[in-house]
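> Okay, here's the structure, questions in a sec.
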Amino acid sequence: MQVFHCPVCSAPLYFHNTVCSCGREVAFDPDEQCMLIEARTCGNRADIGCNWIAEGGQYCRSCSMTETVPDLREPDNLPLWTRTELAKRWMLANLARWGWFGSDDPGDRPVFRLLSERTAGGAAKVIMGHASGTITINVSEASDAVLADRQAKMGELYRTMLGHMRHEMAHFLFERLKVDDGFLTEFRDRFGDEREDYGAALKRHYADPKPADEHHITGYATAHPHEDWAETVAHLLHLVDLLDSSAVSGLALMDGPAPGYDAYAEEDTDRLISGAVALSIAVNHVNRALDLPDLYPFVLTGGIRQKLSFAHRHLRRGGAGVAQA
């Protein structure tokens with residue numbers, strides 16, 4: 001993620017900021033990737049701190065995609081909704097760097113159902129997932145305590161709300177990309193046949209979970225080609241944003257990309273991945289000095305890199321470069 005600047009005083013602004021230190025209110029434009037002043041702002045600004053500009057109607061691009069919000073009669077859900085929407089905006093802002101869902105993208109946009117396990121009527125079961133263009137997210141996992149508990153119970157190396165957003169959006173992007181000539185043929189060569197019975201595949205996975213291997217970035221990626229794709233795309237987005245954020249922050253290795261490097265403009269997937277891995281190893285070493293977890297505790301084999309390269313090649317074309325169904 002870039003560091004932005006105030007149009008009035010040039011002070012640095014970060015992605016979540018609504019006000020500059022000079023006192024001017026600011027709003028984010030996802031197409032121009034900059035902060036504006038005196039812009040018409042999202043109708044959710046007062047409730048959840050949304051700092052994006054309104055587009056067309058009352059809400060911004062991101063909030064307009066939200067069809068259902070958690071039950072706000074349960075007071076703990078407001079901060080969970082706030083944190084969940086911030087993760088969604090971050091994910092969408094990243095994809096906008098490649099031209100997804102902007103004014104030049106004529107394709108479909110996803111619909112989000114943001115649900116909580118806690119409602120005024122009692123506990124509710126929420127299953128995250130994607131179906132027919134609708135993405136369901138469990139905002140309860142915006143709680144650090146809930147997230148840490150589930151990560152430990154599931155034995156996962158990484159589990160965050162931003163990770164959920166990137167994973168579920170990957171399922172939606174598959175639906176956008178599959179209409180392109182040649183996409184499905186190459187996809188099936190690399191990931192397998194997505195027409196395999198999904199329900200049966202998940203039952204097998206949960207009955208006998210497999211670990212990550214030479215061709216799957218996580219254990220969950222082994223469950224079904226759709227999940228392999230979603231995990232691969234999520235990690236691609238992690239790595240690109242890691243490298244982009246480090247460059248804009250002035251972090252660089254002697255033989256790595258120089259400060260100011262634009263990871264979203266990089267065409268060479270191997271260079272991008274190698275740079276992100278080298279940086280993560282360096283930060284891992286620093287983290288261990290404070291007894292903190294590794295930044296990126298995953299091994300990227302040759303087979304996994306080929307899948308990352310396939311996803312990168314298609315995603316960086318943006319929505320305008322994808323055939324419409």
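Residues are referred to by chain and number: the chain letter is A, B, ... according to the order shown in the structure tokens, the number counts from 1 in that chain, and ligands are numbered separately from 1 in the order shown.
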Write out as number ranges by chain the residues lying within 12 Å of A:His130, counting only C-alpha atoms and excluding same-chain residues fewer than 2 positions away.
A: 110-113, 127-128, 132-137, 164-175, 226-227, 230
> Per residue of stretch 170-277 of chain A within 10 Å of stretch 286-309 of chain A, which atom pair is closest and at what distance in Å (one decimal), using only C-alpha atoms, listed by chain and increasing number, as a tab-separated table?

```
residue	atom	partner	partner_atom	distance
A:Phe187	CA	A:Lys307	CA	8.8
A:Arg190	CA	A:Lys307	CA	6.7
A:Phe191	CA	A:Lys307	CA	7.7
A:Ala212	CA	A:Val299	CA	9.1
A:Asp213	CA	A:Thr301	CA	8.6
A:Glu214	CA	A:Thr301	CA	5.8
A:His215	CA	A:Gly303	CA	4.9
A:His216	CA	A:Ile304	CA	6.2
A:Ile217	CA	A:Ile304	CA	6.3
A:Thr218	CA	A:Phe298	CA	8.3
A:Asp228	CA	A:Lys307	CA	9.2
A:Trp229	CA	A:Lys307	CA	8.2
A:Glu231	CA	A:Leu308	CA	9.9
A:Thr232	CA	A:Leu308	CA	6.1
A:Val233	CA	A:Leu308	CA	7.0
A:Ala234	CA	A:Leu308	CA	9.7
A:His235	CA	A:Leu308	CA	8.1
A:Leu236	CA	A:Leu308	CA	6.2
A:Leu237	CA	A:Leu308	CA	9.8
A:His238	CA	A:Tyr296	CA	9.1
A:Leu239	CA	A:Tyr296	CA	8.9
A:Leu242	CA	A:Tyr296	CA	9.6
A:Glu267	CA	A:Ser309	CA	9.7
A:Asp268	CA	A:Ser309	CA	8.5
A:Thr269	CA	A:Ser309	CA	5.5
A:Asp270	CA	A:Ser309	CA	7.5
A:Leu272	CA	A:Ser309	CA	9.8
A:Ile273	CA	A:Arg305	CA	8.0
A:Ser274	CA	A:Leu300	CA	9.5
A:Ala276	CA	A:Tyr296	CA	9.4
A:Val277	CA	A:Tyr296	CA	8.0
```
> What does the file look like for those residues with C-alpha atoms, as a compact mmCIF listing (two decimals), in the first residue's frame?

```txt
# COMPACT_ATOMS: atom_id res chain seq x y z
CA PHE A 187 -6.07 -23.48 -15.32
CA ARG A 190 -2.02 -26.28 -13.43
CA PHE A 191 -4.70 -26.56 -10.74
CA ALA A 212 1.07 -28.13 2.04
CA ASP A 213 3.35 -29.77 -0.49
CA GLU A 214 5.47 -29.06 -3.58
CA HIS A 215 2.44 -27.89 -5.55
CA HIS A 216 0.10 -26.46 -2.90
CA ILE A 217 0.89 -23.35 -0.86
CA THR A 218 -1.28 -24.43 2.09
CA ASP A 228 -5.98 -24.06 -4.64
CA TRP A 229 -6.69 -21.07 -6.90
CA GLU A 231 -5.16 -19.68 -1.77
CA THR A 232 -2.69 -18.99 -4.59
CA VAL A 233 -4.30 -15.65 -5.50
CA ALA A 234 -4.53 -14.60 -1.85
CA HIS A 235 -0.82 -15.24 -1.42
CA LEU A 236 0.00 -13.45 -4.64
CA LEU A 237 -1.81 -10.39 -3.28
CA HIS A 238 0.01 -10.75 0.06
CA LEU A 239 3.40 -10.83 -1.67
CA LEU A 242 4.30 -6.70 0.99
CA GLU A 267 5.68 -7.83 -15.10
CA ASP A 268 8.30 -10.37 -14.02
CA THR A 269 6.62 -12.64 -11.48
CA ASP A 270 9.86 -14.38 -10.51
CA LEU A 272 8.49 -9.97 -7.72
CA ILE A 273 8.26 -13.17 -5.70
CA SER A 274 12.01 -13.41 -5.11
CA ALA A 276 9.18 -10.41 -1.49
CA VAL A 277 10.67 -13.64 -0.16
```
> Any chance you could list, as a ChimeraX atom specification, the residues in stretch 1-248 of chain A that come up alpha helix (DSSP H) when DSSP is run on the backbone?
/A:45-48,61-64,77-96,144-154,161-177,183-191,198-207,225-248
> I'd like to know which of A:Ala148, A:Thr160, A:Gly155, A:Pro70 is closest to A:Ser116, using only C-alpha atoms.
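Closest residue, counting only C-alpha atoms: A:Pro70.
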> Would you mind telling me which residue in A:Ala221, A:Val322, A:Leu78, A:Leu157 lies nearest to A:Lys178 when using only C-alpha atoms?
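Once distances to A:Lys178 are computed over only C-alpha atoms, the minimum belongs to A:Val322.
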> So how many Å separate atom CA of A:Asp76 and atom CA of A:Thr119, to one decimal?
9.5 Å
> Using only C-alpha atoms, which of the listed residues (A:Arg195, A:Tyr220, A:Gly163, A:Val26) sits closest to A:Met91?
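Looking only at the distances to A:Met91, the closest residue turns out to be A:Gly163.
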> Identify, on the basis of only C-alpha atoms, every residue whose closest approach to A:Arg159 does not exceed 9 Å; exclude the query and any residue fewer than 6 positions from it along the same chain; express the result as a PyMOL selection string.
chain A and resi 147-148+150-151
> Would you save the residues of that selection, restricted to C-alpha atoms, as a compact mmCIF listing (two decimals), in the first residue's frame?

```txt
# COMPACT_ATOMS: atom_id res chain seq x y z
CA LEU A 147 -9.07 -14.81 15.17
CA ALA A 148 -6.18 -16.05 17.30
CA ARG A 150 -9.42 -20.12 15.44
CA GLN A 151 -5.96 -19.90 13.96
```
> Between atom CA of A:Val179 and atom CA of A:Arg317, what is the spacing in Å?
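That distance, rounded to one decimal, is 14.1 Å.
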